[in-house]
Amino acid sequence: MGCSLSGLNALYDAVNGGGDVWINENRFRILKQIGEGGFAYVYLVKEIGTESSSSGAGFRKKFKDPSLISDDGTYAMKKVLIQNNDQLNLVKQEVHVSSMFSHPNLLPLLDHAIIAVKAPEGNSSHEAYLLFPVHLDGTLLDNSVTMKSKKEFFSTSDVLQIFRQLCAGLKHMHSYDPAYAHNDVKPGNVLITHRKEQPPLSILMDFGSARPARKQIRSRSEALQLQEWAAEYCSAPFRAPELWDCPSHTDIDERTDIWSLGCTLYAIMYGMSPFEYVLGESGGSLQLAIINAQVKWPAGPKPPYPEALHQFVTWMLQPQAAVRPSIDNVIIHVDKLISKFSSV
C-alpha cells in the first residue's frame with residue numbers, strides 16, 4: 001500500500017468536532033473524538049455511502065478478509081498533523097510497516113491518505129488519515145486504570161490468555177524476513193475487547209517505532225545513535241537495558257521486544273511497569289532500576305497470582321539480551337502455564 005499525496009484524497013471539514021472525511025474515494029462522518037497523543041487525534045467515524053459507491057461497496061471490496069468489515073460501518077480514524085519532512089517520513093514508515101503484516105492480533109491498516117495542506121505564514125505541511133477497525137473497550141492501559149480504581153484484577157487465566165495473544169502477534173513480526181521488532185510494546189499499545197464467556201481479545205497496535213530487529217553496533221557513535229533513537233521512540237518504563245546503555249560492540253535483535261513483553265505481562269497483572277515504582281522514590285533512577293532488573297512485586301489479588309507467573313516475568317527480564325528467551329520459547333512456556341492454570 002503506497003502513500004498518496006493529493007489534496008483530493010482526504011478532505012477534513014470539522015465543525016464543532018463533526019464533519020466529513022474523504023479517504024481516497026470513500027466518505028466517513030466523524031462521530032466523536034476517542035483519543036489523542038502528540039500530534040495525533042483518534043476519531044470514531046462512520047462510513048457514508050456515496051452515489052458512486054453505494055454504502056461503501058467499493059471500499060469493502062478492498063478486503064480479502066471479510067472480518068475487517070464493520071457491521072455498522074464504524075471505524076477508528078487517526079489524524080496526524082505533520083510539521084516537517086522527518087514527521088512525514090515517520091508516517092510513511094508507519095503506513096509501510098502496518099501494511100506488511102496480516103495477523104488477527106496485529107491491528108490492520110484498512111486505508112490511508114496523506115495530503116498537503118497550507119500552514120500559517122505560507123508554510124507547507126501535511127495531514128495523514130489512517131483508517132483502522134474500531135475497538136471501543138480501549139487499551140489495556142485504559143482498562144488497567146479503571147480496574148485499579150475499583151481494586152479489581154484480571155484472573156490468572158485472563159492474564160495468560162491476553163498475554164498469549166500478544167505473543168502470537170509478536171511472533172508474526174519476529175518471523176518476518178527480515179525479522180521486525182515492534183520496539184514499543186506496552187499497555188497503551190494493546191487494544192482490549194471484552195467478550196462474553198471468552199477471555200478478552202488483545203491486539204497489538206501502533207507500528208510507528210517498528211523497524212528491522214537486527215542491528216550490528218560496532219562503534220561508540222553507533223551505540224549513542226541507537227540510544228538517542230530509542231529515547232525518542234521506545235517508551236522508557238518498557239525499554240530494554242541495551243537500549244538505555246548500548247555497548248560499543250554488540251548485536252541487537254528482536255529480544256528487545258521480549259523485555260518489553262515481560263514488562264507488559266507484569267502490567268497486565270499489576271497495572272504498571274515493574275520499574276515505575278522508582279518514579280515515586282526520592283532520588284530513584286528508572287534507568288538504574290531497569291539496567292539492574294530491580295523488580296518489586298506489589299500486593300495483588302487475593303488469592304495472589306501464582307509464583308510461576310512471577311518467575312515467568314523474571315525469566316523475560318534478564319538484563320543480558322543474549323540469555324533472554326526467544327518469542328518461540330516464551331510461547332512454549334505460556335502454553336504450559338495456560339494448561340496448568342486454565343481455571344484459576
# chains A, B, ... in the order shown; residues from 1 in each chain; ligands from 1
call {"tool": "residues_around", "arguments": {"residues": "Ser125 (chain A)", "least_positions_apart": "2", "cutoff": "9 Å", "atoms": "only C-alpha atoms", "output": "list in words"}}
result
Leu81, Ile82, Gln83, Asn84, Asn85, Leu88, Ile115, Ala116, Val117, Lys118, Ala119, Asn123 and Glu127 of chain A
call {"tool": "write_last_selection", "arguments": {"atoms": "C-alpha atoms", "output": "compact mmCIF listing (two decimals), in the first residue's frame"}}
result
# COMPACT_ATOMS: atom_id res chain seq x y z
CA LEU A 81 -0.57 16.64 11.96
CA ILE A 82 2.74 16.62 10.10
CA GLN A 83 5.00 19.64 10.60
CA ASN A 84 8.20 18.64 8.77
CA ASN A 85 9.80 16.08 6.47
CA LEU A 88 6.26 12.86 7.11
CA ILE A 115 -2.45 15.28 1.90
CA ALA A 116 -0.56 18.55 1.54
CA VAL A 117 -2.15 21.50 3.36
CA LYS A 118 -1.26 25.16 3.66
CA ALA A 119 0.01 26.11 7.07
CA ASN A 123 4.49 27.19 5.12
CA GLU A 127 -2.06 15.75 7.32
call {"tool": "select_by_dssp", "arguments": {"residues": "region 208-254 of chain A", "states": "strand (DSSP E)", "output": "list in words"}}
result
Arg211, Pro212, Lys215, Gln216, Ile217, Thr250, Asp251 and Ile252 of chain A
call {"tool": "residues_around", "arguments": {"residues": "Ser339 (chain A)", "least_positions_apart": "4", "cutoff": "12 Å", "atoms": "only C-alpha atoms", "output": "list in words"}}
result
Thr156, Ser157, Leu160, Gln161, Ile332, His333, Val334, Asp335, Ser343 and Val344 of chain A
call {"tool": "atom_distance", "arguments": {"atom1": "CA of Gln165 (chain A)", "atom2": "CA of Asn329 (chain A)"}}
result
14.6 Å
call {"tool": "atom_distance", "arguments": {"atom1": "CA of Ile30 (chain A)", "atom2": "CA of His112 (chain A)"}}
result
15.5 Å
call {"tool": "atom_distance", "arguments": {"atom1": "CA of Asp111 (chain A)", "atom2": "CA of Ala181 (chain A)"}}
result
22.9 Å
call {"tool": "residues_around", "arguments": {"residues": "region 225-238 of chain A", "least_positions_apart": "4", "cutoff": "9 Å", "atoms": "only C-alpha atoms", "output": "list of chain:residue names"}}
result
A:Asn183, A:Asp184, A:Val185, A:Lys186, A:Gly208, A:Ser209, A:Ile217, A:Arg220, A:Ser221, A:Glu242, A:Leu243, A:Trp244, A:Asp245, A:Cys246, A:Trp259, A:Ser260, A:Leu261, A:Gly262, A:Cys263, A:Thr264, A:Met272, A:Ser273, A:Pro274, A:Phe275, A:Glu276, A:Leu286, A:Gln287, A:Ile290
call {"tool": "closest_residue", "arguments": {"among": "A:Asp251, A:Ala293, A:Phe207, A:Asp177", "to": "Arg239 (chain A)", "atoms": "only C-alpha atoms"}}
result
A:Ala293
call {"tool": "select_by_dssp", "arguments": {"residues": "region 146-287 of chain A", "states": "alpha helix (DSSP H)", "output": "ChimeraX atom specification"}}
result
/A:146-149,156-174,220-233,241-244,255-270,286-287
call {"tool": "closest_residue", "arguments": {"among": "A:Ser102, A:Ser282, A:Thr146, A:Thr139", "to": "Val190 (chain A)", "atoms": "only C-alpha atoms"}}
result
A:Thr139
call {"tool": "residues_around", "arguments": {"residues": "Pro319 (chain A)", "least_positions_apart": "6", "cutoff": "7 Å", "atoms": "only C-alpha atoms", "output": "PyMOL selection string"}}
result
chain A and resi 241+291-293
call {"tool": "closest_atom_pairs", "arguments": {"of": "region 105-213 of chain A", "to": "region 74-78 of chain A", "cutoff": "9 Å", "atoms": "only C-alpha atoms", "output": "Markdown table"}}
result
| residue | atom | partner | partner_atom | distance |
| --- | --- | --- | --- | --- |
| A:Ala128 | CA | A:Lys78 | CA | 7.8 |
| A:Tyr129 | CA | A:Lys78 | CA | 5.7 |
| A:Leu130 | CA | A:Lys78 | CA | 5.0 |
| A:Leu131 | CA | A:Met77 | CA | 4.6 |
| A:Phe132 | CA | A:Ala76 | CA | 5.1 |
| A:Pro133 | CA | A:Tyr75 | CA | 5.0 |
| A:Val134 | CA | A:Ala76 | CA | 4.7 |
| A:His135 | CA | A:Ala76 | CA | 7.9 |
call {"tool": "closest_residue", "arguments": {"among": "A:His96, A:Pro187, A:Ala223, A:Leu31", "to": "Gly19 (chain A)", "atoms": "only C-alpha atoms"}}
result
A:Leu31
call {"tool": "residues_around", "arguments": {"residues": "Ala322 (chain A)", "least_positions_apart": "2", "cutoff": "10 Å", "atoms": "only C-alpha atoms", "output": "CSV table (one decimal) with C-alpha atoms, in the first residue's frame"}}
result
chain,number,residue,atom,x,y,z
A,251,ASP,CA,24.4,-7.2,18.2
A,252,ILE,CA,20.9,-6.0,18.8
A,253,ASP,CA,18.0,-8.3,17.9
A,255,ARG,CA,14.8,-9.8,22.1
A,318,GLN,CA,17.1,-10.7,32.1
A,319,PRO,CA,19.4,-7.7,31.6
A,320,GLN,CA,21.7,-9.6,29.2
A,324,ARG,CA,16.8,-13.7,27.2
A,325,PRO,CA,14.3,-16.2,25.7
A,326,SER,CA,13.1,-16.0,22.1
call {"tool": "decode", "arguments": {"residues": "region 140-181 of chain A", "atoms": "N, CA and C atoms", "output": "PDB file, in the first residue's frame"}}
result
ATOM      1  N   LEU A 140      -5.296  -1.649  26.947  1.00  0.00           N
ATOM      2  CA  LEU A 140      -5.001  -2.329  28.206  1.00  0.00           C
ATOM      3  C   LEU A 140      -4.700  -1.306  29.295  1.00  0.00           C
ATOM      4  N   LEU A 141      -4.053  -0.194  28.921  1.00  0.00           N
ATOM      5  CA  LEU A 141      -3.781   0.870  29.890  1.00  0.00           C
ATOM      6  C   LEU A 141      -5.083   1.476  30.403  1.00  0.00           C
ATOM      7  N   ASP A 142      -6.018   1.777  29.493  1.00  0.00           N
ATOM      8  CA  ASP A 142      -7.324   2.311  29.907  1.00  0.00           C
ATOM      9  C   ASP A 142      -8.016   1.364  30.886  1.00  0.00           C
ATOM     10  N   ASN A 143      -8.007   0.082  30.546  1.00  0.00           N
ATOM     11  CA  ASN A 143      -8.666  -0.915  31.391  1.00  0.00           C
ATOM     12  C   ASN A 143      -7.968  -1.041  32.745  1.00  0.00           C
ATOM     13  N   SER A 144      -6.639  -0.947  32.748  1.00  0.00           N
ATOM     14  CA  SER A 144      -5.890  -1.046  33.999  1.00  0.00           C
ATOM     15  C   SER A 144      -6.218   0.097  34.942  1.00  0.00           C
ATOM     16  N   VAL A 145      -6.332   1.303  34.385  1.00  0.00           N
ATOM     17  CA  VAL A 145      -6.670   2.473  35.201  1.00  0.00           C
ATOM     18  C   VAL A 145      -8.045   2.293  35.836  1.00  0.00           C
ATOM     19  N   THR A 146      -9.008   1.838  35.032  1.00  0.00           N
ATOM     20  CA  THR A 146     -10.366   1.624  35.545  1.00  0.00           C
ATOM     21  C   THR A 146     -10.386   0.540  36.608  1.00  0.00           C
ATOM     22  N   MET A 147      -9.691  -0.563  36.332  1.00  0.00           N
ATOM     23  CA  MET A 147      -9.680  -1.675  37.285  1.00  0.00           C
ATOM     24  C   MET A 147      -8.973  -1.295  38.581  1.00  0.00           C
ATOM     25  N   LYS A 148      -7.903  -0.512  38.454  1.00  0.00           N
ATOM     26  CA  LYS A 148      -7.161  -0.104  39.656  1.00  0.00           C
ATOM     27  C   LYS A 148      -8.037   0.757  40.563  1.00  0.00           C
ATOM     28  N   SER A 149      -8.842   1.625  39.952  1.00  0.00           N
ATOM     29  CA  SER A 149      -9.718   2.487  40.749  1.00  0.00           C
ATOM     30  C   SER A 149     -10.780   1.677  41.499  1.00  0.00           C
ATOM     31  N   LYS A 150     -11.093   0.502  40.971  1.00  0.00           N
ATOM     32  CA  LYS A 150     -12.092  -0.379  41.601  1.00  0.00           C
ATOM     33  C   LYS A 150     -11.441  -1.502  42.402  1.00  0.00           C
ATOM     34  N   LYS A 151     -10.097  -1.484  42.456  1.00  0.00           N
ATOM     35  CA  LYS A 151      -9.322  -2.538  43.131  1.00  0.00           C
ATOM     36  C   LYS A 151      -9.659  -3.913  42.564  1.00  0.00           C
ATOM     37  N   GLU A 152      -9.779  -3.965  41.233  1.00  0.00           N
ATOM     38  CA  GLU A 152     -10.055  -5.213  40.538  1.00  0.00           C
ATOM     39  C   GLU A 152      -8.801  -5.701  39.815  1.00  0.00           C
ATOM     40  N   PHE A 153      -8.743  -6.994  39.543  1.00  0.00           N
ATOM     41  CA  PHE A 153      -7.616  -7.599  38.839  1.00  0.00           C
ATOM     42  C   PHE A 153      -8.140  -8.591  37.811  1.00  0.00           C
ATOM     43  N   PHE A 154      -7.377  -8.786  36.743  1.00  0.00           N
ATOM     44  CA  PHE A 154      -7.681  -9.870  35.816  1.00  0.00           C
ATOM     45  C   PHE A 154      -7.448 -11.204  36.522  1.00  0.00           C
ATOM     46  N   SER A 155      -8.237 -12.211  36.182  1.00  0.00           N
ATOM     47  CA  SER A 155      -7.981 -13.559  36.682  1.00  0.00           C
ATOM     48  C   SER A 155      -6.670 -14.071  36.095  1.00  0.00           C
ATOM     49  N   THR A 156      -6.085 -15.070  36.744  1.00  0.00           N
ATOM     50  CA  THR A 156      -4.845 -15.660  36.225  1.00  0.00           C
ATOM     51  C   THR A 156      -5.054 -16.171  34.805  1.00  0.00           C
ATOM     52  N   SER A 157      -6.193 -16.809  34.554  1.00  0.00           N
ATOM     53  CA  SER A 157      -6.487 -17.335  33.223  1.00  0.00           C
ATOM     54  C   SER A 157      -6.545 -16.219  32.184  1.00  0.00           C
ATOM     55  N   ASP A 158      -7.226 -15.112  32.503  1.00  0.00           N
ATOM     56  CA  ASP A 158      -7.323 -13.990  31.560  1.00  0.00           C
ATOM     57  C   ASP A 158      -5.963 -13.327  31.341  1.00  0.00           C
ATOM     58  N   VAL A 159      -5.163 -13.212  32.417  1.00  0.00           N
ATOM     59  CA  VAL A 159      -3.806 -12.663  32.271  1.00  0.00           C
ATOM     60  C   VAL A 159      -3.039 -13.448  31.221  1.00  0.00           C
ATOM     61  N   LEU A 160      -3.072 -14.764  31.341  1.00  0.00           N
ATOM     62  CA  LEU A 160      -2.302 -15.619  30.431  1.00  0.00           C
ATOM     63  C   LEU A 160      -2.867 -15.591  29.013  1.00  0.00           C
ATOM     64  N   GLN A 161      -4.192 -15.544  28.876  1.00  0.00           N
ATOM     65  CA  GLN A 161      -4.802 -15.539  27.542  1.00  0.00           C
ATOM     66  C   GLN A 161      -4.547 -14.216  26.811  1.00  0.00           C
ATOM     67  N   ILE A 162      -4.624 -13.103  27.540  1.00  0.00           N
ATOM     68  CA  ILE A 162      -4.307 -11.797  26.941  1.00  0.00           C
ATOM     69  C   ILE A 162      -2.852 -11.800  26.480  1.00  0.00           C
ATOM     70  N   PHE A 163      -1.975 -12.285  27.344  1.00  0.00           N
ATOM     71  CA  PHE A 163      -0.549 -12.314  27.037  1.00  0.00           C
ATOM     72  C   PHE A 163      -0.256 -13.246  25.862  1.00  0.00           C
ATOM     73  N   ARG A 164      -0.925 -14.396  25.835  1.00  0.00           N
ATOM     74  CA  ARG A 164      -0.694 -15.379  24.755  1.00  0.00           C
ATOM     75  C   ARG A 164      -1.014 -14.775  23.392  1.00  0.00           C
ATOM     76  N   GLN A 165      -2.065 -13.967  23.320  1.00  0.00           N
ATOM     77  CA  GLN A 165      -2.435 -13.334  22.050  1.00  0.00           C
ATOM     78  C   GLN A 165      -1.381 -12.311  21.605  1.00  0.00           C
ATOM     79  N   LEU A 166      -0.840 -11.563  22.573  1.00  0.00           N
ATOM     80  CA  LEU A 166       0.228 -10.615  22.237  1.00  0.00           C
ATOM     81  C   LEU A 166       1.449 -11.355  21.702  1.00  0.00           C
ATOM     82  N   CYS A 167       1.752 -12.492  22.315  1.00  0.00           N
ATOM     83  CA  CYS A 167       2.877 -13.301  21.849  1.00  0.00           C
ATOM     84  C   CYS A 167       2.652 -13.759  20.410  1.00  0.00           C
ATOM     85  N   ALA A 168       1.415 -14.135  20.086  1.00  0.00           N
ATOM     86  CA  ALA A 168       1.115 -14.601  18.729  1.00  0.00           C
ATOM     87  C   ALA A 168       1.348 -13.489  17.709  1.00  0.00           C
ATOM     88  N   GLY A 169       0.883 -12.269  18.030  1.00  0.00           N
ATOM     89  CA  GLY A 169       1.100 -11.142  17.124  1.00  0.00           C
ATOM     90  C   GLY A 169       2.572 -10.812  16.967  1.00  0.00           C
ATOM     91  N   LEU A 170       3.288 -10.844  18.082  1.00  0.00           N
ATOM     92  CA  LEU A 170       4.715 -10.513  18.048  1.00  0.00           C
ATOM     93  C   LEU A 170       5.518 -11.584  17.312  1.00  0.00           C
ATOM     94  N   LYS A 171       5.123 -12.839  17.467  1.00  0.00           N
ATOM     95  CA  LYS A 171       5.801 -13.923  16.738  1.00  0.00           C
ATOM     96  C   LYS A 171       5.690 -13.700  15.229  1.00  0.00           C
ATOM     97  N   HIS A 172       4.535 -13.213  14.794  1.00  0.00           N
ATOM     98  CA  HIS A 172       4.345 -12.942  13.365  1.00  0.00           C
ATOM     99  C   HIS A 172       5.363 -11.906  12.885  1.00  0.00           C
ATOM    100  N   MET A 173       5.612 -10.876  13.693  1.00  0.00           N
ATOM    101  CA  MET A 173       6.585  -9.852  13.327  1.00  0.00           C
ATOM    102  C   MET A 173       8.017 -10.384  13.392  1.00  0.00           C
ATOM    103  N   HIS A 174       8.311 -11.168  14.432  1.00  0.00           N
ATOM    104  CA  HIS A 174       9.666 -11.689  14.608  1.00  0.00           C
ATOM    105  C   HIS A 174      10.005 -12.757  13.561  1.00  0.00           C
ATOM    106  N   SER A 175       8.969 -13.375  12.974  1.00  0.00           N
ATOM    107  CA  SER A 175       9.190 -14.432  11.986  1.00  0.00           C
ATOM    108  C   SER A 175       9.291 -13.884  10.571  1.00  0.00           C
ATOM    109  N   TYR A 176       9.074 -12.600  10.413  1.00  0.00           N
ATOM    110  CA  TYR A 176       9.154 -11.979   9.093  1.00  0.00           C
ATOM    111  C   TYR A 176      10.602 -12.032   8.600  1.00  0.00           C
ATOM    112  N   ASP A 177      10.792 -11.949   7.301  1.00  0.00           N
ATOM    113  CA  ASP A 177      12.147 -11.938   6.739  1.00  0.00           C
ATOM    114  C   ASP A 177      12.380 -10.603   6.027  1.00  0.00           C
ATOM    115  N   PRO A 178      13.178  -9.683   6.634  1.00  0.00           N
ATOM    116  CA  PRO A 178      13.907  -9.846   7.899  1.00  0.00           C
ATOM    117  C   PRO A 178      12.996  -9.694   9.115  1.00  0.00           C
ATOM    118  N   ALA A 179      13.453 -10.201  10.257  1.00  0.00           N
ATOM    119  CA  ALA A 179      12.679 -10.074  11.497  1.00  0.00           C
ATOM    120  C   ALA A 179      12.464  -8.607  11.836  1.00  0.00           C
ATOM    121  N   TYR A 180      11.244  -8.286  12.258  1.00  0.00           N
ATOM    122  CA  TYR A 180      10.923  -6.926  12.699  1.00  0.00           C
ATOM    123  C   TYR A 180      10.674  -6.920  14.203  1.00  0.00           C
ATOM    124  N   ALA A 181      11.146  -5.866  14.857  1.00  0.00           N
ATOM    125  CA  ALA A 181      10.818  -5.613  16.261  1.00  0.00           C
ATOM    126  C   ALA A 181       9.762  -4.511  16.311  1.00  0.00           C
TER     127      ALA A 181
END
